[in-house]
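**Q** Submitted below is the structure of interest, expressed as structure tokens.
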Protein chains: 4
Amino acid sequence: MMGNVNPLVWKSAQMPKIGMQPLRRQAMILATISEIAAAGTLDVTVSQIAKRAGMSAALAMHYFGTKDKIFLAAMRYVLELYKRSVKTKLEAANGPYERIVGIIDASFDASQFEREVVAAWLAFYVRALQSREAKRLLDVYARRLNSNLLFNLRQLFDDTSAEQIAQGLASLIDGFYIRHALQDSVPDRNETRAMVQDYLELWLERKNRLGR
Amino acid sequence: MMGNVNPLVWKSAQMPKIGMQPLRRQAMILATISEIAAAGTLDVTVSQIAKRAGMSAALAMHYFGTKDKIFLAAMRYVLELYKRSVKTKLEAANGPYERIVGIIDASFDASQFEREVVAAWLAFYVRALQSREAKRLLDVYARRLNSNLLFNLRQLFDDTSAEQIAQGLASLIDGFYIRHALQDSVPDRNETRAMVQDYLELWLERKNRLGR
Amino acid sequence: MMGNVNPLVWKSAQMPKIGMQPLRRQAMILATISEIAAAGTLDVTVSQIAKRAGMSAALAMHYFGTKDKIFLAAMRYVLELYKRSVKTKLEAANGPYERIVGIIDASFDASQFEREVVAAWLAFYVRALQSREAKRLLDVYARRLNSNLLFNLRQLFDDTSAEQIAQGLASLIDGFYIRHALQDSVPDRNETRAMVQDYLELWLERKNRLGR
Amino acid sequence: MMGNVNPLVWKSAQMPKIGMQPLRRQAMILATISEIAAAGTLDVTVSQIAKRAGMSAALAMHYFGTKDKIFLAAMRYVLELYKRSVKTKLEAANGPYERIVGIIDASFDASQFEREVVAAWLAFYVRALQSREAKRLLDVYARRLNSNLLFNLRQLFDDTSAEQIAQGLASLIDGFYIRHALQDSVPDRNETRAMVQDYLELWLERKNRLGR
DNA sequence: AATGAATGAGCCTTCATTCAT
DNA sequence: AATGAATGAAGGCTCATTCAT
């Protein structure tokens with residue numbers, strides 16, 4: 001998830017002075033995600049996370065100021081991951097259809113659909129009920145996703161349909177995520193992605209049937 | 001939600017000594033749902049709920065024994081509401097198509113899709129991550145929903161399609177719920193229901209296109 | 001323990017009006033002793049005791065006023081039992097030696113050395129640390145025991161010895177009680193009694209050796 | 001009791017960051033014993049103890065984890081004190097007789113027979129009724145005391161007598177303790193010790209009288 | 001006479017957060 | 001840069017006690 005080079009490796013070695021801050025923050029962010037998944041609970045304490053990140057809770061507080069900010073940072077990280085994933089897929093895509101499929105693909109990317117990350121998503125959704133800032137972050141993501149979908153769907157469908165499809169796709173994705181987070185016997189990643197793509201297919205078939 | 005006759009109205013009037021238990025329990029159950037929605041949080045305390053229900057936390061504990069049992073009771077209540085709603089719709093329906101639509105309808109029934117109830121659903125989903133019993137309850141609901149859908153879908157589609165559609169419908173419903181719980185500008189109840197029904201329509205169209 | 005006629009038998013029959021008070025009180029007293037032993041704890045609640053006594057906690061409070069008074073009543077009852085046991089033994093005894101042995105016997109009487117009663121004694125001893133009144137009761141008992149022993153011992157020994165023996169006997173009895181209450185593998189009632197009696201014997205032997 | 005150097009004295013001076021744990025634990029242990037005696041009750045709260053120990057209840061919990069563990073630690077401390085006292089006496093003793101007297105002495109050592117410690121002993125005895133672990137600790141102590149006594153008594157008496165004397169001595173000690181904890185006008189430490197020793201004397205005299 | 005109903009007070013325990021070093 | 005030490009605040013839960021009927 002962090003790529004190959006883990007900057008925390010030489011932690012206790014020496015050279016602590018410069019640039020520890022970003023490393024510590026990053027460690028906390030990753031630990032937050034892991035801890036949520038490992039604990040199977042959203043009720044993770046700062047101490048638990050800090051311990052997993054290999055530092056004291058006090059230091060974690062020092063770098064983030066508030067527990068809420070720790071969560072927000074982790075949330076931003078996950079959203080950023082997703083954003084990049086989408087970007088990569090979009091760049092490799094040709095035409096609106098491929099771009100829409102790319103967006104869907106990004107949601108079910110291996111890195112996104114890991115058990116860990118899915119648990120984190122659910123946590124953030126819930127957090128958004130309490131935290132203004134968390135809600136704002138989630139809204140930004142939702143709006144971006146929607147406009148991305150809409151822009152490309154409008155090139156294939158009339159406006160009304162496009163909006164419906166966008167809503168449908170987004171809901172389907174969210175629905176699969178929540179089911180994945182909670183249920184045991186659930187279709188795997190590829191099957192799930194196929195089902196979402198098939199939703200798009202169904203609309204295309206309808207469009208073709210109606211002519212144009 | 002409590003019907004027209006609220007037995008708690010004459011509370012401070014004479015306080016009868018018999019049969020308070022079910023009234024208090026019901027009051028707590030309703031208060032739990034309201035408080036979750038009002039607080040916008042799953043982290044509602046027993047005191048908060050009890051206060052809203054017009055009693056002391058101690059009395060609430062007396063009648064339920066555990067905070068967890070309070071939540072479970074509220075959860076059962078909501079699930080029961082949904083179950084009844086489904087049952088009513090199914091009884092009024094003729095043929096598999098109407099029955100499937102009925103199930104969808106039930107999910108977006110006015111009583112189900114209230115802001116309060118939707119928030120409660122999300123709360124219970126999350127609770128299921130921590131509580132064995134909560135998970136069990138949710139699983140029962142999920143399994144029943146699935147078998148209901150499957151049974152009727154199989155009369156219209158081949159088995160493979162039926163299973164896909166069932167998964168799709170359930171995910172769509174969950175997805176719309178979560179979006180409803182979290183987002184402000186979201187299609188209203190009827191629009192939402194129409195979109196889910198349209199998913200079924202899309203499959204019927206495909207089926208017709210392929211000929212039988 | 002209550003003799004053959006249990007007045008609580010016709011409780012729920014009818015005739016509740018007259019004289020319930022003493023019956024209820026007595027039932028509570030017995031229940032207190034039983035509950036302490038059954039719970040294996042001194043931390044018995046009023047509700048537990050009342051339940052065992054077949055009445056509501058509210059009624060128990062009505063008759064006693066305070067939890068403390070419930071305990072005191074039970075304490076008085078046990079002390080009274082003991083007092084009577086001593087009295088009976090003393091009346092059947094001839095001469096100082098038999099009377100001393102009688103007092104010892106009373107302490108290890110079947111009715112006194114029941115597991116239940118022993119547990120109660122320990123409870124009362126502890127209670128005496130907190131409650132003035134409990135302490136006073138225990139002091140009365142201790143003083144009476146001491147004067148009883150002293151009076152008879154003085155007829156067999158010089159004053160100094162008599163006082164020492166009295167202290168020794170009382171301590172031995174208390175010691176065996178506490179060990180009986182707490183330990184598993186402990187000599188049985190008769191063995192224990194024999195050992196206390198033997199303490200007296202040892203002193204008699206010394207007296208004889210020294211010649212009168 | 002804490003020796004001459006109280007490491008907590010410079011507490012508000014600079015509050016070092018290392019090694020507070022053992023100091024805090026020790027302070028809590030001593031405070032537990034004091035508080036039990038001062039409150040005259042076994043129902044001492046963690047807050048009370050912590051306050052007496054000069055720290056917050058939260059910190060106490062931090063260092064012990066559970067109230068029960070606080071009590072167990074205090075219990076172990078008292079038992080350890082006693083154990084050491086016995087050990088010291090035994091090392092200074094020559095022959096079985098002196099060793100037995102040494103064990104008795106240890107029980108009535110100044111440090112053991114303080115009002116505070118005696119109250120604690122009673123508390124622990126009672127605690128043993130509720131806590132498995134407390135019972136285990138007490139059993140270990142009882143068994144060690146018994147085997148110590150028996151081993152030395154067997155060198156002076158036949159086996160049957162030895163066992164009786166061991167039981168008698170242990171009961172006498174326990175009895176004096178409980179009386180000391182509860183009663184006001186009670187022989188002082190030295191008198192008490194003398195009386196227990198005299199019990200041994202009585203047996204020796206009997207032995208001599210019977211020849212060999 | 002009797003009790004279900006009700007609660008205030010208090011306890012143990014947890015945890016985010018601060019502080020001194 | 002880093003952390004052990006420390007705590008206030010809060011939460012779940014229990015229980016003796018009161019009250020209205």
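Letters A, B, ... go to the chains of the structure tokens in the order shown; residues in each chain start at 1; ligands are counted from 1 in the same order.
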Least-squares superpose chain D on chain C across all ordered C-alpha pairs, then write out what you get as a PDB file with C-alpha atoms, in the first residue's frame.

**A**
```pdb
ATOM      1  CA  MET D   1     -34.408 -23.794  61.685  1.00  0.00           C
ATOM      2  CA  MET D   2     -37.936 -22.399  61.459  1.00  0.00           C
ATOM      3  CA  GLY D   3     -39.375 -25.294  63.366  1.00  0.00           C
ATOM      4  CA  ASN D   4     -41.953 -27.530  61.845  1.00  0.00           C
ATOM      5  CA  VAL D   5     -44.743 -25.110  61.276  1.00  0.00           C
ATOM      6  CA  ASN D   6     -43.922 -22.618  58.590  1.00  0.00           C
ATOM      7  CA  PRO D   7     -46.597 -19.945  58.708  1.00  0.00           C
ATOM      8  CA  LEU D   8     -45.640 -18.735  55.280  1.00  0.00           C
ATOM      9  CA  VAL D   9     -46.729 -21.920  53.613  1.00  0.00           C
ATOM     10  CA  TRP D  10     -50.286 -20.896  53.058  1.00  0.00           C
ATOM     11  CA  LYS D  11     -49.097 -17.546  51.837  1.00  0.00           C
ATOM     12  CA  SER D  12     -50.768 -17.437  48.475  1.00  0.00           C
ATOM     13  CA  ALA D  13     -53.729 -19.255  49.927  1.00  0.00           C
ATOM     14  CA  GLN D  14     -55.597 -16.439  51.597  1.00  0.00           C
ATOM     15  CA  MET D  15     -53.110 -13.962  52.876  1.00  0.00           C
ATOM     16  CA  PRO D  16     -54.497 -12.993  56.259  1.00  0.00           C
ATOM     17  CA  LYS D  17     -54.504  -9.374  57.187  1.00  0.00           C
ATOM     18  CA  ILE D  18     -53.388  -9.690  60.746  1.00  0.00           C
ATOM     19  CA  GLY D  19     -50.083 -10.552  62.223  1.00  0.00           C
ATOM     20  CA  MET D  20     -48.095 -10.688  59.031  1.00  0.00           C
ATOM     21  CA  GLN D  21     -45.520  -8.365  60.453  1.00  0.00           C
ATOM     22  CA  PRO D  22     -43.754 -10.812  62.767  1.00  0.00           C
ATOM     23  CA  LEU D  23     -43.907 -13.525  60.151  1.00  0.00           C
ATOM     24  CA  ARG D  24     -42.429 -11.315  57.500  1.00  0.00           C
ATOM     25  CA  ARG D  25     -39.740 -10.098  59.826  1.00  0.00           C
ATOM     26  CA  GLN D  26     -38.834 -13.621  60.796  1.00  0.00           C
ATOM     27  CA  ALA D  27     -38.783 -14.694  57.177  1.00  0.00           C
ATOM     28  CA  MET D  28     -36.452 -11.838  56.368  1.00  0.00           C
ATOM     29  CA  ILE D  29     -34.158 -12.681  59.254  1.00  0.00           C
ATOM     30  CA  LEU D  30     -33.841 -16.264  58.138  1.00  0.00           C
ATOM     31  CA  ALA D  31     -33.446 -15.218  54.538  1.00  0.00           C
ATOM     32  CA  THR D  32     -30.678 -12.842  55.498  1.00  0.00           C
ATOM     33  CA  ILE D  33     -28.705 -15.630  57.078  1.00  0.00           C
ATOM     34  CA  SER D  34     -29.336 -17.992  54.200  1.00  0.00           C
ATOM     35  CA  GLU D  35     -28.527 -15.418  51.591  1.00  0.00           C
ATOM     36  CA  ILE D  36     -25.238 -14.488  53.181  1.00  0.00           C
ATOM     37  CA  ALA D  37     -24.230 -18.116  53.175  1.00  0.00           C
ATOM     38  CA  ALA D  38     -25.597 -18.837  49.730  1.00  0.00           C
ATOM     39  CA  ALA D  39     -24.126 -15.786  48.091  1.00  0.00           C
ATOM     40  CA  GLY D  40     -20.899 -16.414  49.921  1.00  0.00           C
ATOM     41  CA  THR D  41     -20.731 -12.730  50.314  1.00  0.00           C
ATOM     42  CA  LEU D  42     -21.524 -10.051  52.794  1.00  0.00           C
ATOM     43  CA  ASP D  43     -22.571  -7.791  49.982  1.00  0.00           C
ATOM     44  CA  VAL D  44     -26.074  -9.086  49.775  1.00  0.00           C
ATOM     45  CA  THR D  45     -28.681  -6.675  48.573  1.00  0.00           C
ATOM     46  CA  VAL D  46     -32.009  -6.065  50.155  1.00  0.00           C
ATOM     47  CA  SER D  47     -33.613  -7.274  46.956  1.00  0.00           C
ATOM     48  CA  GLN D  48     -31.809 -10.584  47.107  1.00  0.00           C
ATOM     49  CA  ILE D  49     -32.785 -11.158  50.689  1.00  0.00           C
ATOM     50  CA  ALA D  50     -36.361 -10.093  50.096  1.00  0.00           C
ATOM     51  CA  LYS D  51     -36.649 -12.342  47.094  1.00  0.00           C
ATOM     52  CA  ARG D  52     -35.402 -15.285  49.100  1.00  0.00           C
ATOM     53  CA  ALA D  53     -37.880 -14.403  51.797  1.00  0.00           C
ATOM     54  CA  GLY D  54     -40.646 -14.363  49.244  1.00  0.00           C
ATOM     55  CA  MET D  55     -41.507 -10.695  49.313  1.00  0.00           C
ATOM     56  CA  SER D  56     -40.716  -7.471  47.560  1.00  0.00           C
ATOM     57  CA  ALA D  57     -37.824  -5.322  48.640  1.00  0.00           C
ATOM     58  CA  ALA D  58     -40.294  -2.551  49.303  1.00  0.00           C
ATOM     59  CA  LEU D  59     -42.153  -4.647  51.832  1.00  0.00           C
ATOM     60  CA  ALA D  60     -38.927  -5.583  53.536  1.00  0.00           C
ATOM     61  CA  MET D  61     -38.052  -1.933  53.848  1.00  0.00           C
ATOM     62  CA  HIS D  62     -41.520  -1.268  55.146  1.00  0.00           C
ATOM     63  CA  TYR D  63     -41.053  -3.714  57.974  1.00  0.00           C
ATOM     64  CA  PHE D  64     -37.484  -2.821  58.859  1.00  0.00           C
ATOM     65  CA  GLY D  65     -36.979   0.740  57.767  1.00  0.00           C
ATOM     66  CA  THR D  66     -33.341   0.337  56.831  1.00  0.00           C
ATOM     67  CA  LYS D  67     -31.045  -2.248  55.425  1.00  0.00           C
ATOM     68  CA  ASP D  68     -28.927  -1.848  58.497  1.00  0.00           C
ATOM     69  CA  LYS D  69     -31.842  -2.765  60.692  1.00  0.00           C
ATOM     70  CA  ILE D  70     -32.382  -5.920  58.708  1.00  0.00           C
ATOM     71  CA  PHE D  71     -28.838  -6.963  59.420  1.00  0.00           C
ATOM     72  CA  LEU D  72     -29.080  -6.010  63.049  1.00  0.00           C
ATOM     73  CA  ALA D  73     -32.238  -8.047  63.447  1.00  0.00           C
ATOM     74  CA  ALA D  74     -30.554 -11.067  61.898  1.00  0.00           C
ATOM     75  CA  MET D  75     -27.594 -10.523  64.134  1.00  0.00           C
ATOM     76  CA  ARG D  76     -29.736 -10.320  67.214  1.00  0.00           C
ATOM     77  CA  TYR D  77     -31.439 -13.494  66.170  1.00  0.00           C
ATOM     78  CA  VAL D  78     -28.201 -15.415  65.860  1.00  0.00           C
ATOM     79  CA  LEU D  79     -26.894 -14.032  69.118  1.00  0.00           C
ATOM     80  CA  GLU D  80     -30.155 -14.944  70.787  1.00  0.00           C
ATOM     81  CA  LEU D  81     -29.920 -18.484  69.464  1.00  0.00           C
ATOM     82  CA  TYR D  82     -26.481 -18.758  70.905  1.00  0.00           C
ATOM     83  CA  LYS D  83     -27.532 -17.249  74.182  1.00  0.00           C
ATOM     84  CA  ARG D  84     -30.306 -19.767  74.557  1.00  0.00           C
ATOM     85  CA  SER D  85     -28.033 -22.594  73.646  1.00  0.00           C
ATOM     86  CA  VAL D  86     -25.622 -21.513  76.351  1.00  0.00           C
ATOM     87  CA  LYS D  87     -28.431 -21.154  78.843  1.00  0.00           C
ATOM     88  CA  THR D  88     -29.719 -24.646  78.167  1.00  0.00           C
ATOM     89  CA  LYS D  89     -26.306 -26.162  78.545  1.00  0.00           C
ATOM     90  CA  LEU D  90     -25.626 -24.265  81.732  1.00  0.00           C
ATOM     91  CA  GLU D  91     -28.861 -25.395  83.323  1.00  0.00           C
ATOM     92  CA  ALA D  92     -28.009 -29.015  82.616  1.00  0.00           C
ATOM     93  CA  ALA D  93     -24.522 -28.654  84.034  1.00  0.00           C
ATOM     94  CA  ASN D  94     -23.275 -29.387  87.522  1.00  0.00           C
ATOM     95  CA  GLY D  95     -20.238 -27.645  88.858  1.00  0.00           C
ATOM     96  CA  PRO D  96     -17.869 -25.247  87.196  1.00  0.00           C
ATOM     97  CA  TYR D  97     -16.163 -27.794  84.994  1.00  0.00           C
ATOM     98  CA  GLU D  98     -19.362 -28.977  83.403  1.00  0.00           C
ATOM     99  CA  ARG D  99     -20.475 -25.415  82.979  1.00  0.00           C
ATOM    100  CA  ILE D 100     -17.342 -24.436  81.106  1.00  0.00           C
ATOM    101  CA  VAL D 101     -17.675 -27.474  78.906  1.00  0.00           C
ATOM    102  CA  GLY D 102     -21.294 -26.509  78.392  1.00  0.00           C
ATOM    103  CA  ILE D 103     -20.343 -23.082  77.117  1.00  0.00           C
ATOM    104  CA  ILE D 104     -17.892 -24.647  74.712  1.00  0.00           C
ATOM    105  CA  ASP D 105     -20.525 -27.145  73.639  1.00  0.00           C
ATOM    106  CA  ALA D 106     -22.979 -24.391  72.929  1.00  0.00           C
ATOM    107  CA  SER D 107     -20.555 -22.775  70.524  1.00  0.00           C
ATOM    108  CA  PHE D 108     -20.317 -25.975  68.555  1.00  0.00           C
ATOM    109  CA  ASP D 109     -23.912 -26.911  68.848  1.00  0.00           C
ATOM    110  CA  ALA D 110     -25.390 -28.291  65.654  1.00  0.00           C
ATOM    111  CA  SER D 111     -27.605 -25.239  65.254  1.00  0.00           C
ATOM    112  CA  GLN D 112     -24.704 -22.878  65.746  1.00  0.00           C
ATOM    113  CA  PHE D 113     -22.106 -24.539  63.662  1.00  0.00           C
ATOM    114  CA  GLU D 114     -24.172 -24.926  60.555  1.00  0.00           C
ATOM    115  CA  ARG D 115     -22.410 -23.613  57.505  1.00  0.00           C
ATOM    116  CA  GLU D 116     -25.088 -20.938  57.191  1.00  0.00           C
ATOM    117  CA  VAL D 117     -24.812 -19.637  60.682  1.00  0.00           C
ATOM    118  CA  VAL D 118     -21.058 -19.631  60.668  1.00  0.00           C
ATOM    119  CA  ALA D 119     -21.039 -17.513  57.544  1.00  0.00           C
ATOM    120  CA  ALA D 120     -23.456 -15.151  59.220  1.00  0.00           C
ATOM    121  CA  TRP D 121     -21.207 -14.817  62.236  1.00  0.00           C
ATOM    122  CA  LEU D 122     -18.303 -13.804  60.079  1.00  0.00           C
ATOM    123  CA  ALA D 123     -20.527 -11.341  58.283  1.00  0.00           C
ATOM    124  CA  PHE D 124     -21.559  -9.784  61.554  1.00  0.00           C
ATOM    125  CA  TYR D 125     -18.013  -9.531  62.760  1.00  0.00           C
ATOM    126  CA  VAL D 126     -17.145  -7.601  59.651  1.00  0.00           C
ATOM    127  CA  ARG D 127     -20.279  -5.519  59.873  1.00  0.00           C
ATOM    128  CA  ALA D 128     -19.175  -4.491  63.334  1.00  0.00           C
ATOM    129  CA  LEU D 129     -16.337  -2.598  61.716  1.00  0.00           C
ATOM    130  CA  GLN D 130     -18.802  -0.268  60.053  1.00  0.00           C
ATOM    131  CA  SER D 131     -21.846  -0.161  62.251  1.00  0.00           C
ATOM    132  CA  ARG D 132     -21.799   1.258  65.750  1.00  0.00           C
ATOM    133  CA  GLU D 133     -24.822  -0.731  66.713  1.00  0.00           C
ATOM    134  CA  ALA D 134     -23.425  -3.972  65.312  1.00  0.00           C
ATOM    135  CA  LYS D 135     -20.280  -3.459  67.309  1.00  0.00           C
ATOM    136  CA  ARG D 136     -22.291  -2.849  70.427  1.00  0.00           C
ATOM    137  CA  LEU D 137     -24.218  -6.073  69.955  1.00  0.00           C
ATOM    138  CA  LEU D 138     -21.056  -8.030  69.417  1.00  0.00           C
ATOM    139  CA  ASP D 139     -19.438  -6.439  72.445  1.00  0.00           C
ATOM    140  CA  VAL D 140     -22.353  -7.423  74.608  1.00  0.00           C
ATOM    141  CA  TYR D 141     -21.984 -10.990  73.424  1.00  0.00           C
ATOM    142  CA  ALA D 142     -18.230 -10.967  73.939  1.00  0.00           C
ATOM    143  CA  ARG D 143     -18.507  -9.552  77.415  1.00  0.00           C
ATOM    144  CA  ARG D 144     -21.136 -12.048  78.422  1.00  0.00           C
ATOM    145  CA  LEU D 145     -19.146 -14.938  77.086  1.00  0.00           C
ATOM    146  CA  ASN D 146     -16.091 -13.702  78.889  1.00  0.00           C
ATOM    147  CA  SER D 147     -17.787 -13.186  82.224  1.00  0.00           C
ATOM    148  CA  ASN D 148     -19.473 -16.555  81.980  1.00  0.00           C
ATOM    149  CA  LEU D 149     -16.187 -18.262  81.381  1.00  0.00           C
ATOM    150  CA  LEU D 150     -14.305 -16.261  83.946  1.00  0.00           C
ATOM    151  CA  PHE D 151     -16.812 -16.865  86.694  1.00  0.00           C
ATOM    152  CA  ASN D 152     -16.550 -20.602  86.318  1.00  0.00           C
ATOM    153  CA  LEU D 153     -12.856 -20.724  85.588  1.00  0.00           C
ATOM    154  CA  ARG D 154     -12.098 -18.825  88.774  1.00  0.00           C
ATOM    155  CA  GLN D 155     -13.567 -21.663  90.723  1.00  0.00           C
ATOM    156  CA  LEU D 156     -10.987 -23.996  89.260  1.00  0.00           C
ATOM    157  CA  PHE D 157      -7.980 -21.775  88.698  1.00  0.00           C
ATOM    158  CA  ASP D 158      -6.225 -18.784  90.162  1.00  0.00           C
ATOM    159  CA  ASP D 159      -7.298 -15.443  88.736  1.00  0.00           C
ATOM    160  CA  THR D 160      -4.381 -14.952  86.380  1.00  0.00           C
ATOM    161  CA  SER D 161      -4.761 -18.369  84.877  1.00  0.00           C
ATOM    162  CA  ALA D 162      -8.505 -17.989  84.651  1.00  0.00           C
ATOM    163  CA  GLU D 163      -8.146 -14.867  82.614  1.00  0.00           C
ATOM    164  CA  GLN D 164      -5.645 -16.441  80.303  1.00  0.00           C
ATOM    165  CA  ILE D 165      -7.781 -19.489  79.784  1.00  0.00           C
ATOM    166  CA  ALA D 166     -10.829 -17.397  79.083  1.00  0.00           C
ATOM    167  CA  GLN D 167      -8.944 -15.448  76.450  1.00  0.00           C
ATOM    168  CA  GLY D 168      -7.555 -18.642  75.028  1.00  0.00           C
ATOM    169  CA  LEU D 169     -10.887 -20.385  74.823  1.00  0.00           C
ATOM    170  CA  ALA D 170     -12.607 -17.443  73.227  1.00  0.00           C
ATOM    171  CA  SER D 171      -9.841 -17.027  70.681  1.00  0.00           C
ATOM    172  CA  LEU D 172      -9.824 -20.725  69.888  1.00  0.00           C
ATOM    173  CA  ILE D 173     -13.550 -20.658  69.277  1.00  0.00           C
ATOM    174  CA  ASP D 174     -13.339 -17.594  67.070  1.00  0.00           C
ATOM    175  CA  GLY D 175     -10.387 -19.102  65.250  1.00  0.00           C
ATOM    176  CA  PHE D 176     -12.194 -22.328  64.522  1.00  0.00           C
ATOM    177  CA  TYR D 177     -15.198 -20.439  63.330  1.00  0.00           C
ATOM    178  CA  ILE D 178     -13.266 -18.367  60.875  1.00  0.00           C
ATOM    179  CA  ARG D 179     -11.419 -21.393  59.597  1.00  0.00           C
ATOM    180  CA  HIS D 180     -14.659 -23.253  59.272  1.00  0.00           C
ATOM    181  CA  ALA D 181     -16.132 -20.425  57.283  1.00  0.00           C
ATOM    182  CA  LEU D 182     -13.237 -20.277  54.909  1.00  0.00           C
ATOM    183  CA  GLN D 183     -11.646 -23.625  54.553  1.00  0.00           C
ATOM    184  CA  ASP D 184     -12.842 -26.767  52.941  1.00  0.00           C
ATOM    185  CA  SER D 185     -10.930 -29.551  54.608  1.00  0.00           C
ATOM    186  CA  VAL D 186     -11.457 -28.771  58.202  1.00  0.00           C
ATOM    187  CA  PRO D 187     -12.154 -30.982  61.195  1.00  0.00           C
ATOM    188  CA  ASP D 188     -15.816 -31.593  61.768  1.00  0.00           C
ATOM    189  CA  ARG D 189     -17.924 -30.191  64.500  1.00  0.00           C
ATOM    190  CA  ASN D 190     -17.235 -32.813  67.120  1.00  0.00           C
ATOM    191  CA  GLU D 191     -13.560 -32.943  66.499  1.00  0.00           C
ATOM    192  CA  THR D 192     -13.392 -29.199  66.745  1.00  0.00           C
ATOM    193  CA  ARG D 193     -15.293 -29.137  69.974  1.00  0.00           C
ATOM    194  CA  ALA D 194     -13.063 -31.818  71.367  1.00  0.00           C
ATOM    195  CA  MET D 195     -10.022 -29.752  70.544  1.00  0.00           C
ATOM    196  CA  VAL D 196     -11.325 -26.751  72.371  1.00  0.00           C
ATOM    197  CA  GLN D 197     -12.253 -28.864  75.353  1.00  0.00           C
ATOM    198  CA  ASP D 198      -8.830 -30.346  75.288  1.00  0.00           C
ATOM    199  CA  TYR D 199      -7.417 -26.870  75.773  1.00  0.00           C
ATOM    200  CA  LEU D 200      -9.225 -26.766  79.073  1.00  0.00           C
ATOM    201  CA  GLU D 201      -7.944 -30.270  79.824  1.00  0.00           C
ATOM    202  CA  LEU D 202      -4.391 -29.178  79.227  1.00  0.00           C
ATOM    203  CA  TRP D 203      -4.761 -26.496  81.840  1.00  0.00           C
ATOM    204  CA  LEU D 204      -6.302 -28.873  84.322  1.00  0.00           C
ATOM    205  CA  GLU D 205      -3.432 -31.253  83.825  1.00  0.00           C
ATOM    206  CA  ARG D 206      -0.940 -28.480  84.443  1.00  0.00           C
ATOM    207  CA  LYS D 207      -2.792 -27.511  87.565  1.00  0.00           C
ATOM    208  CA  ASN D 208      -2.744 -31.061  88.864  1.00  0.00           C
ATOM    209  CA  ARG D 209       0.892 -31.466  88.056  1.00  0.00           C
ATOM    210  CA  LEU D 210       1.775 -28.393  90.049  1.00  0.00           C
ATOM    211  CA  GLY D 211      -0.234 -29.744  92.930  1.00  0.00           C
ATOM    212  CA  ARG D 212      -3.529 -28.241  93.880  1.00  0.00           C
TER     213      ARG D 212
END
```

**Q** Select all residues from chain F having any atom no more than 8 Å from an atom of chain C (counting only C-alpha atoms (C1' of nucleotides), ignoring ligands), output as an mmCIF file with N, CA and C atoms (P, O5', C5', C4', C3', O3' and C1' of nucleotides), in the first residue's frame.

**A**
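As a result, result-v4.cif now contains:
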```
data_model
loop_
_atom_site.group_PDB
_atom_site.id
_atom_site.type_symbol
_atom_site.label_atom_id
_atom_site.label_comp_id
_atom_site.auth_asym_id
_atom_site.auth_seq_id
_atom_site.Cartn_x
_atom_site.Cartn_y
_atom_site.Cartn_z
ATOM 1 P P DC F 15 -26.110 -4.900 42.814
ATOM 2 O "O5'" DC F 15 -26.734 -3.857 43.837
ATOM 3 C "C5'" DC F 15 -25.908 -2.800 44.325
ATOM 4 C "C4'" DC F 15 -26.727 -1.868 45.178
ATOM 5 C "C3'" DC F 15 -27.980 -2.490 45.793
ATOM 6 O "O3'" DC F 15 -28.105 -2.025 47.116
ATOM 7 C "C1'" DC F 15 -28.571 -0.579 44.577
ATOM 8 P P DA F 16 -28.775 -2.944 48.214
ATOM 9 O "O5'" DA F 16 -29.214 -1.834 49.243
ATOM 10 C "C5'" DA F 16 -28.239 -0.900 49.681
ATOM 11 C "C4'" DA F 16 -28.866 0.462 49.882
ATOM 12 C "C3'" DA F 16 -30.030 0.493 50.865
ATOM 13 O "O3'" DA F 16 -29.924 1.690 51.618
ATOM 14 C "C1'" DA F 16 -30.768 1.220 48.718
ATOM 15 P P DT F 17 -30.904 1.892 52.844
ATOM 16 O "O5'" DT F 17 -32.064 2.746 52.168
ATOM 17 C "C5'" DT F 17 -31.720 3.953 51.497
ATOM 18 C "C4'" DT F 17 -32.901 4.489 50.732
ATOM 19 C "C3'" DT F 17 -34.251 4.496 51.478
ATOM 20 O "O3'" DT F 17 -34.695 5.847 51.539
ATOM 21 C "C1'" DT F 17 -34.511 3.768 49.254
#
```

**Q** Can you build me a table of chain E residues sitting at most 7 Å from chain C, with the closest atom pair per residue and its distance in Å to one decimal, using only C-alpha atoms (C1' of nucleotides), sorted by chain and residue number, as JSON lines?

**A**
```
{"residue": "E:DA1", "atom": "C1'", "partner": "C:Lys17", "partner_atom": "CA", "distance": 6.7}
{"residue": "E:DA2", "atom": "C1'", "partner": "C:Leu59", "partner_atom": "CA", "distance": 6.5}
{"residue": "E:DT3", "atom": "C1'", "partner": "C:Ser56", "partner_atom": "CA", "distance": 6.4}
```

**Q** Rounded to one decimal place, report the atom C1' of E:DC19-atom C1' of F:DG11 distance in Å.

**A**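 Going from atom C1' of E:DC19 over to atom C1' of F:DG11, I get 25.8 Å.
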